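Have a look at the structure below before the remarks.
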Amino acid sequence: TYNLGANYTYNGIVNQVTGNGLPATVNDLIINNSASSGTVTMSADCAVSNALTLTAGTLTTSTFSLGYSNTTANLTRTSGAINASGGTMNFGAAVSALNLPVGLFSGNINNLTMNRAGGVVLAEATTVNGALTLTGGLLTSTSTNILSLGASATVSGGSTASHVSGPMRRTMNGAAAFLFPFGTGGAYYPMTITTTAASSAIVLAEPVTADAGGS
């Protein structure tokens with residue numbers, strides 16, 4: 001039986017697969033794979049309750065969920081990254097804001113789940129191509145560190161307690177309704193754009209509360 005409170009380190013010099021050696025919940029997870037373009041590929045869902053450390057190599061979620069629920073200080077990156085182009089990245093539990101390190105993700109994210117009361121602050125432009133689930137906490141973006149939703153992205157949830165705080169970009173394909181689940185100043189101001197033509201467009205939008213002026 002694997003100890004759910006143990007620390008797990010992947011120190012390989014060749015690509016690694018977690019297999020059944022990584023339990024569903026761990027205390028610390030350290031990725032230190034020094035192979036050229038080295039990867040550690042998950043074989044099942046895993047939630048990190050204390051420290052997630054990326055020293056070398058890429059942690060690939062494959063089709064599984066990677067959860068993190070501790071503080072900014074305990075999410076560290078020296079080199080390497082998380083490849084979440086398949087599966088789900090899940091930020092949960094903690095009441096403090098989580099400031100993501102630059103370079104945390106190697107590319108676009110498939111699914112992103114927000115269930116963290118303290119919220120998450122993006123450190124760079126980030127794209128979600130699958131499901132954006134807003135259950136708890138704010139996902140903070142800026143004009144530089146913008147959140148983009150791909151053409152096939154879906155949104156569930158969205159409320160005063162959980163939304164994108166800042167600008168968003170959406171790729172819209174075909175005739176459909178596209179939700180921008182954003183807000184500002186702690187208030188939720190969702191916007192839906194309905195397209196009527198089977199064409200493609202990219203829309204950048206940001207909620208503002210300032211007076212537009214005029215008479």
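Numbering starts fresh at 1 for the residues of each chain in the structure tokens, the chains themselves are lettered A, B, ... in the order given, and ligands are numbered from 1 as they appear.
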
- prompt: If you count only C-alpha atoms, which residues fall within 10 Å of segment 99-109 of chain A, apart from same-chain ones fewer than 2 positions away, as number ranges by chain?
  reply: A: 54, 58-60, 71-73, 75-89, 96-97, 111-112, 119-132, 140, 148-150

message: List as a list in words the protein and nucleic acid residues near Glu206 of chain A, meaning an atom at most 7 Å away when only C-alpha atoms are counted, but skip any in the same chain fewer than 5 places from it.
response: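 Surrounding residues, per the criterion: Gly166, Pro167 and Met168 of chain A.
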
field: Gly19 of chain A environment, 8 Å, only C-alpha atoms, sequence neighbours closer than 3 positions dropped, as a count of residues only
entry: 4

- prompt: To one decimal place, how far is atom CA of Tyr68 of chain A from atom CA of Val48 of chain A in Å?
  reply: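 Separating atom CA of Tyr68 of chain A from atom CA of Val48 of chain A is a distance of 5.0 Å.
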
message: Need to verify the contact set: Ala176 of chain A, 10 Å, only C-alpha atoms, exclusion of same-chain residues closer than 3 positions in sequence. Can you return it as a ChimeraX atom specification?
response: /A:172-173,179,192-198

Save the residues we just selected, N, CA, C and O atoms, as a PDB file, in the first residue's frame?
```
ATOM      1  N   MET A 172     -14.326  31.960 -32.017  1.00  0.00           N
ATOM      2  CA  MET A 172     -15.713  31.560 -32.222  1.00  0.00           C
ATOM      3  C   MET A 172     -15.870  31.019 -33.635  1.00  0.00           C
ATOM      4  O   MET A 172     -15.624  31.734 -34.621  1.00  0.00           O
ATOM      5  N   ASN A 173     -16.262  29.755 -33.723  1.00  0.00           N
ATOM      6  CA  ASN A 173     -16.476  29.097 -35.011  1.00  0.00           C
ATOM      7  C   ASN A 173     -17.939  28.719 -35.164  1.00  0.00           C
ATOM      8  O   ASN A 173     -18.525  28.110 -34.269  1.00  0.00           O
ATOM      9  N   LEU A 179     -20.061  32.334 -24.430  1.00  0.00           N
ATOM     10  CA  LEU A 179     -20.076  33.019 -23.134  1.00  0.00           C
ATOM     11  C   LEU A 179     -18.680  33.524 -22.774  1.00  0.00           C
ATOM     12  O   LEU A 179     -17.698  32.804 -22.917  1.00  0.00           O
ATOM     13  N   THR A 192     -22.504  37.325 -23.421  1.00  0.00           N
ATOM     14  CA  THR A 192     -22.676  36.289 -24.432  1.00  0.00           C
ATOM     15  C   THR A 192     -22.765  36.939 -25.807  1.00  0.00           C
ATOM     16  O   THR A 192     -23.519  37.888 -26.003  1.00  0.00           O
ATOM     17  N   ILE A 193     -21.969  36.411 -26.735  1.00  0.00           N
ATOM     18  CA  ILE A 193     -22.031  36.853 -28.130  1.00  0.00           C
ATOM     19  C   ILE A 193     -22.608  35.713 -28.950  1.00  0.00           C
ATOM     20  O   ILE A 193     -22.109  34.585 -28.903  1.00  0.00           O
ATOM     21  N   THR A 194     -23.667  35.992 -29.686  1.00  0.00           N
ATOM     22  CA  THR A 194     -24.296  34.979 -30.525  1.00  0.00           C
ATOM     23  C   THR A 194     -23.955  35.268 -31.982  1.00  0.00           C
ATOM     24  O   THR A 194     -24.242  36.356 -32.494  1.00  0.00           O
ATOM     25  N   THR A 195     -23.347  34.299 -32.622  1.00  0.00           N
ATOM     26  CA  THR A 195     -23.005  34.447 -34.040  1.00  0.00           C
ATOM     27  C   THR A 195     -24.055  33.742 -34.884  1.00  0.00           C
ATOM     28  O   THR A 195     -24.615  32.718 -34.493  1.00  0.00           O
ATOM     29  N   THR A 196     -24.333  34.295 -36.050  1.00  0.00           N
ATOM     30  CA  THR A 196     -25.378  33.747 -36.914  1.00  0.00           C
ATOM     31  C   THR A 196     -24.828  33.175 -38.214  1.00  0.00           C
ATOM     32  O   THR A 196     -25.567  32.568 -38.975  1.00  0.00           O
ATOM     33  N   ALA A 197     -23.537  33.359 -38.442  1.00  0.00           N
ATOM     34  CA  ALA A 197     -22.940  32.865 -39.680  1.00  0.00           C
ATOM     35  C   ALA A 197     -21.908  31.797 -39.367  1.00  0.00           C
ATOM     36  O   ALA A 197     -21.267  31.810 -38.311  1.00  0.00           O
ATOM     37  N   ALA A 198     -21.766  30.857 -40.285  1.00  0.00           N
ATOM     38  CA  ALA A 198     -20.815  29.764 -40.101  1.00  0.00           C
ATOM     39  C   ALA A 198     -19.415  30.217 -40.495  1.00  0.00           C
ATOM     40  O   ALA A 198     -18.806  29.721 -41.439  1.00  0.00           O
TER      41      ALA A 198
END
```

query: Counting only C-alpha atoms, which of A:Gly185, A:Pro190, A:Phe180, A:Ala35 gets nearest to Ser159 of chain A?
result: A:Pro190

message: Rounded to one decimal, what separation in Å do you get between atom CA of Thr144 of chain A and atom CA of Gly92 of chain A?
response: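 Spanning atom CA of Thr144 of chain A to atom CA of Gly92 of chain A is a straight-line distance of 24.6 Å.
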
- request: Please indicate the distance in Å from atom CA of Ser49 of chain A to atom CA of Ile31 of chain A, rounded to one decimal place.
  value: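 Those two atoms sit 15.3 Å apart.
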
task: Choose the residue, out of A:Leu147, A:Ile30, A:Ala94, A:Met191, that has the smallest atom-to-atom separation from Leu52 of chain A; count only C-alpha atoms.
output: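 Looking only at the distances to Leu52 of chain A, the closest residue turns out to be A:Ile30.
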
query: Hey, what does DSSP flag as strand (DSSP E or B) within segment 42-113 of chain A? Can you give it to me as a VMD selection string?
result: chain A and resid 46 to 56 58 to 60 65 to 68 75 to 77 81 to 83 88 to 92 98 to 99 105 109 111 to 113

query: Which is closest to Leu66 of chain A among A:Pro23, A:Ala161, A:Ser37, A:Asn32, if we use only C-alpha atoms?
result: A:Pro23

message: When you count only C-alpha atoms, which of these residues is closest to Gly136 of chain A: A:Val17, A:Val95, A:Ala6, A:Ala24?
response: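 Residue with the minimum atom-to-atom distance to Gly136 of chain A: A:Val95.
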
message: Here is a test: counting only C-alpha atoms, which residue of A:Ala153, A:Ile146, A:Ala117, A:Cys46 is nearest to Thr133 of chain A?
response: A:Ala153

Spatial neighbours of Gly57 of chain A, 6 Å, only C-alpha atoms, chain gap at least 3 places, as a ChimeraX atom specification: /A:33,38-39,80

With N, CA and C atoms retained, export the selected residues as a short mmCIF file (atom, residue, chain, number, x, y, z; two decimals), in the first residue's frame.
```
data_model
loop_
_atom_site.label_atom_id
_atom_site.label_comp_id
_atom_site.auth_asym_id
_atom_site.auth_seq_id
_atom_site.Cartn_x
_atom_site.Cartn_y
_atom_site.Cartn_z
N ASN A 33 13.55 14.96 -14.06
CA ASN A 33 13.98 14.04 -15.11
C ASN A 33 14.98 14.75 -16.01
N GLY A 38 13.19 15.17 -21.54
CA GLY A 38 12.65 14.14 -20.67
C GLY A 38 11.22 14.39 -20.25
N THR A 39 10.45 13.32 -20.10
CA THR A 39 9.05 13.42 -19.68
C THR A 39 8.75 12.43 -18.56
N GLY A 80 11.80 22.82 -16.82
CA GLY A 80 10.72 21.90 -17.10
C GLY A 80 9.37 22.59 -17.03
#
```
